[in-house]
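Trainee: This structure is in structure tokens; I'll ask about it shortly.
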Amino acid sequence: MNWKFVVRGALLALVALTALVFVAYRSVPRLLPGVPYGPTPLPPAITALRGNMPVGWPGMEAYANYEGSEPVPAGSGFIFRLPAGGAVAAAAAHSFDLAGGLQSVLLGADDSLLELDVLHGIPGKPRTLSMNLTDDYVLFLVREQNSPAVILEPDDRGFPQPGERIVLYPGFGAENGERWGTILESDRRGAWAVMDEAFEPGRMSGSPIVSLHTGRVVGMALAVGLREGHTVIGMHPIGSLVEKGLEAVDFILLSEYGEQ
């Protein structure tokens, strides 16, 4: 046996494997991006007019009513007004099995529940690993005269500014009060806020996030991470939700959506 040839081949294979592992290591942050974190920016110059914070509690618990079963806790949601008139309810697509016999969604708290059974446009899809947070959503038709909830006004800017202070109004977890934070980074594809403290965010997806400056909703909570003792929240910008609400042309009964 030519041992010199064997040793040389093994060394070349080891070098090739090392190079492959290095390339994979360098590629992981791009392929599997993590929750962003870092020093929060300085407070920004916000040209939008100051406004009052919501009167009442706009975050609502969401319960999924599947065929043949009792309603089960599924996440959170809120209602916002469309610029063209009318109101829609927003929640996270990943909170529900939209094709699994979902008959309706109950939104509210305690004995004050609003039943939603008509989709306001085709829903999005649950977020996986993408940093684009605008695909994960579901909008429901709301008959405003029957709504017992606080109806939020969308922030005209479409998304918050880095360094801006925000308030999260959880649906589930409301008993612990509002949660405060600062926007770390933001654009039309999504925004991330570093919250002042760490907390358990269970079932908070779908909760509204409101600007402390304008008092208007700037996003919907979707993603979460824990960094150095702080909860980091990723949100679907309100501008994207407004666009989807205005562009909706299909209004489908939830009970019929899973059959298509």
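Ligands are numbered from 1 in the order shown, residues from 1 within each chain, and chains are lettered A, B, ... in the order they appear in the structure tokens.
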Name the residues in contact with Ala87 (chain A) at a cut-off of 9 Å, using only C-alpha atoms, excluding same-chain residues fewer than 4 positions from it; report them as a ChimeraX atom specification.
Mentor: /A:79-82,141-144,151
Trainee: Please produce a file of those selected residues containing N, CA, C and O atoms, as an mmCIF file, in the first residue's frame.
Mentor:
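Result file follows (selection20.cif):
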data_model
loop_
_atom_site.group_PDB
_atom_site.id
_atom_site.type_symbol
_atom_site.label_atom_id
_atom_site.label_comp_id
_atom_site.auth_asym_id
_atom_site.auth_seq_id
_atom_site.Cartn_x
_atom_site.Cartn_y
_atom_site.Cartn_z
ATOM 1 N N ILE A 79 -57.941 45.683 17.156
ATOM 2 C CA ILE A 79 -58.744 46.240 16.073
ATOM 3 C C ILE A 79 -58.191 47.615 15.711
ATOM 4 O O ILE A 79 -57.868 48.415 16.589
ATOM 5 N N PHE A 80 -58.080 47.863 14.404
ATOM 6 C CA PHE A 80 -57.637 49.190 13.966
ATOM 7 C C PHE A 80 -58.555 49.692 12.850
ATOM 8 O O PHE A 80 -59.214 48.921 12.165
ATOM 9 N N ARG A 81 -58.548 51.007 12.707
ATOM 10 C CA ARG A 81 -59.422 51.648 11.729
ATOM 11 C C ARG A 81 -58.680 51.847 10.408
ATOM 12 O O ARG A 81 -57.521 52.286 10.386
ATOM 13 N N LEU A 82 -59.335 51.546 9.305
ATOM 14 C CA LEU A 82 -58.759 51.770 7.988
ATOM 15 C C LEU A 82 -58.946 53.234 7.577
ATOM 16 O O LEU A 82 -59.985 53.836 7.892
ATOM 17 N N LEU A 141 -63.014 40.670 9.252
ATOM 18 C CA LEU A 141 -64.027 41.694 9.079
ATOM 19 C C LEU A 141 -64.666 42.009 10.429
ATOM 20 O O LEU A 141 -65.031 41.109 11.182
ATOM 21 N N VAL A 142 -64.784 43.297 10.731
ATOM 22 C CA VAL A 142 -65.389 43.740 11.990
ATOM 23 C C VAL A 142 -66.584 44.626 11.686
ATOM 24 O O VAL A 142 -66.490 45.569 10.890
ATOM 25 N N ARG A 143 -67.690 44.309 12.289
ATOM 26 C CA ARG A 143 -68.860 45.184 12.213
ATOM 27 C C ARG A 143 -68.758 46.141 13.396
ATOM 28 O O ARG A 143 -69.037 45.782 14.534
ATOM 29 N N GLU A 144 -68.316 47.339 13.088
ATOM 30 C CA GLU A 144 -67.896 48.291 14.129
ATOM 31 C C GLU A 144 -68.970 48.548 15.176
ATOM 32 O O GLU A 144 -68.676 48.702 16.360
ATOM 33 N N ILE A 151 -60.751 50.782 19.432
ATOM 34 C CA ILE A 151 -60.343 50.753 18.027
ATOM 35 C C ILE A 151 -59.171 51.721 17.868
ATOM 36 O O ILE A 151 -59.310 52.924 18.102
#
Trainee: If DSSP is run on the backbone, what residues of region 4-237 of chain A are strand (DSSP E)? A reply as a PyMOL selection string would be ideal.
Mentor: chain A and resi 60-66+72-81+87-91+102-109+112-116+118-120+138-142+151-152+165-168+179-187+190-195+208-211+217-227+230-237
Trainee: Counting only C-alpha atoms, which residues of region 47-101 of chain A fall within 8 Å of region 210-217 of chain A, and what is the closest atom pair for each with its distance in Å at one decimal, ordered by chain and rising number, as a tab-separated table?
Mentor:
residue	atom	partner	partner_atom	distance
A:Ala48	CA	A:Thr214	CA	6.9
A:Leu49	CA	A:Thr214	CA	6.3
A:Arg50	CA	A:Thr214	CA	4.6
A:Gly51	CA	A:Thr214	CA	4.3
A:Asn52	CA	A:Gly215	CA	5.0
A:Met53	CA	A:Gly215	CA	4.2
A:Pro54	CA	A:Gly215	CA	6.4
Trainee: Next, dump the selected residues to file, keeping only C-alpha atoms, as a PDB file, in the first residue's frame.
Mentor:
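Listing of result_39.pdb after writing:
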ATOM      1  CA  ALA A  48     -45.512  63.538  13.506  1.00  0.00           C
ATOM      2  CA  LEU A  49     -47.875  65.339  15.859  1.00  0.00           C
ATOM      3  CA  ARG A  50     -48.030  64.211  19.456  1.00  0.00           C
ATOM      4  CA  GLY A  51     -51.158  62.354  20.450  1.00  0.00           C
ATOM      5  CA  ASN A  52     -52.847  60.839  23.459  1.00  0.00           C
ATOM      6  CA  MET A  53     -52.419  57.217  24.415  1.00  0.00           C
ATOM      7  CA  PRO A  54     -55.432  54.917  23.968  1.00  0.00           C
TER       8      PRO A  54
END
Trainee: As a PyMOL selection string, please: the residues near Asp136 (chain A) (cut-off 6 Å, only C-alpha atoms, same-chain neighbours under 6 positions excluded).
Mentor: chain A and resi 92-93+124-127
Trainee: Would you compute the distance between CA of Arg203 (chain A) and CA of Val118 (chain A)? Give it in Å to one decimal.
Mentor: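 Interatomic distance, CA of Arg203 (chain A) to CA of Val118 (chain A): 22.1 Å.
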Trainee: Write out as a PyMOL selection string the residues lying within 8 Å of His236 (chain A), counting only C-alpha atoms and excluding same-chain residues fewer than 2 positions away.
Mentor: chain A and resi 133-134+136+189-191+219-222+234+238+240-241
Trainee: Put those residues in a file: C-alpha atoms, as a PDB file, in the first residue's frame.
Mentor:
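The resulting file, out.pdb, is reproduced below:
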ATOM      1  CA  LEU A 133     -42.268  40.080   9.276  1.00  0.00           C
ATOM      2  CA  THR A 134     -44.951  41.266   6.839  1.00  0.00           C
ATOM      3  CA  ASP A 136     -47.452  36.639   9.029  1.00  0.00           C
ATOM      4  CA  ARG A 189     -40.283  44.758   6.368  1.00  0.00           C
ATOM      5  CA  GLY A 190     -40.375  44.753  10.149  1.00  0.00           C
ATOM      6  CA  ALA A 191     -39.300  46.482  13.334  1.00  0.00           C
ATOM      7  CA  GLY A 219     -47.084  47.441  14.734  1.00  0.00           C
ATOM      8  CA  MET A 220     -48.301  43.999  15.740  1.00  0.00           C
ATOM      9  CA  ALA A 221     -46.129  41.757  17.933  1.00  0.00           C
ATOM     10  CA  LEU A 222     -44.974  38.618  16.100  1.00  0.00           C
ATOM     11  CA  GLY A 234     -40.323  41.782  16.441  1.00  0.00           C
ATOM     12  CA  ILE A 238     -48.856  48.868  10.789  1.00  0.00           C
ATOM     13  CA  SER A 240     -48.163  46.891   5.851  1.00  0.00           C
ATOM     14  CA  LEU A 241     -51.329  45.826   7.691  1.00  0.00           C
TER      15      LEU A 241
END
Trainee: Based on DSSP run over this structure's backbone, return all residues of region 197-260 of chain A in helix (DSSP H, G or I), as a PyMOL selection string.
Mentor: chain A and resi 238-247+254-257
Trainee: Quick one: of A:Ile183, A:Val72, A:Ala198, A:Leu129, who's nearest to Leu42 (chain A), counting only C-alpha atoms?
Mentor: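 The closest residue to Leu42 (chain A) is A:Ile183.
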Trainee: Expressed in Å to a single decimal, how great is the separation between CA of Glu256 (chain A) and CA of Gly86 (chain A)?
Mentor: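 Result for CA of Glu256 (chain A) versus CA of Gly86 (chain A): 23.4 Å, one decimal.
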Trainee: What is the CA of Ile233 (chain A) to CA of Met195 (chain A) distance in Å?
Mentor: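 Value for the CA of Ile233 (chain A)-CA of Met195 (chain A) distance: 7.3 Å.
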Trainee: When distances are computed from only C-alpha atoms, which of A:Thr40, A:Gln161, A:Ser255, A:Ser112 shows the smallest separation from Tyr66 (chain A)?
Mentor: A:Ser255
Trainee: With distances taken over only C-alpha atoms, which of A:Gly245, A:Pro208, A:Pro201, A:Pro154 is nearest to Val138 (chain A)?
Mentor: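 Between A:Gly245, A:Pro208, A:Pro201, A:Pro154, the residue approaching Val138 (chain A) most closely is A:Gly245.
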Trainee: With only C-alpha atoms as the atoms that count, which of A:Gly75, A:Gly225, A:Pro36, A:Pro170 lies nearest to Leu106 (chain A)?
Mentor: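 Closest candidate: A:Gly75.
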Trainee: Ranking A:Ala45, A:Val35, A:Leu114, A:Ala91 by minimum distance to Asp135 (chain A) and counting only C-alpha atoms, which one comes first?
Mentor: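 Closest to Asp135 (chain A), using only C-alpha atoms: A:Ala91.
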Trainee: Tell me which of A:Ala89, A:Leu102, A:Leu113, A:Ala74 sits closest to Val242 (chain A), counting only C-alpha atoms.
Mentor: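 Selected residue with least distance to Val242 (chain A): A:Ala89.
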Trainee: Which polymer residues have any atom within 12 Å of an atom of Gly100 (chain A), counting only C-alpha atoms, with same-chain residues fewer than 6 positions away left out, as a list in words?
Mentor: Ala64, Asn65, Tyr66, Glu67, Gly68, Ser69, Leu254, Ser255, Glu256, Tyr257, Gly258, Glu259 and Gln260 of chain A
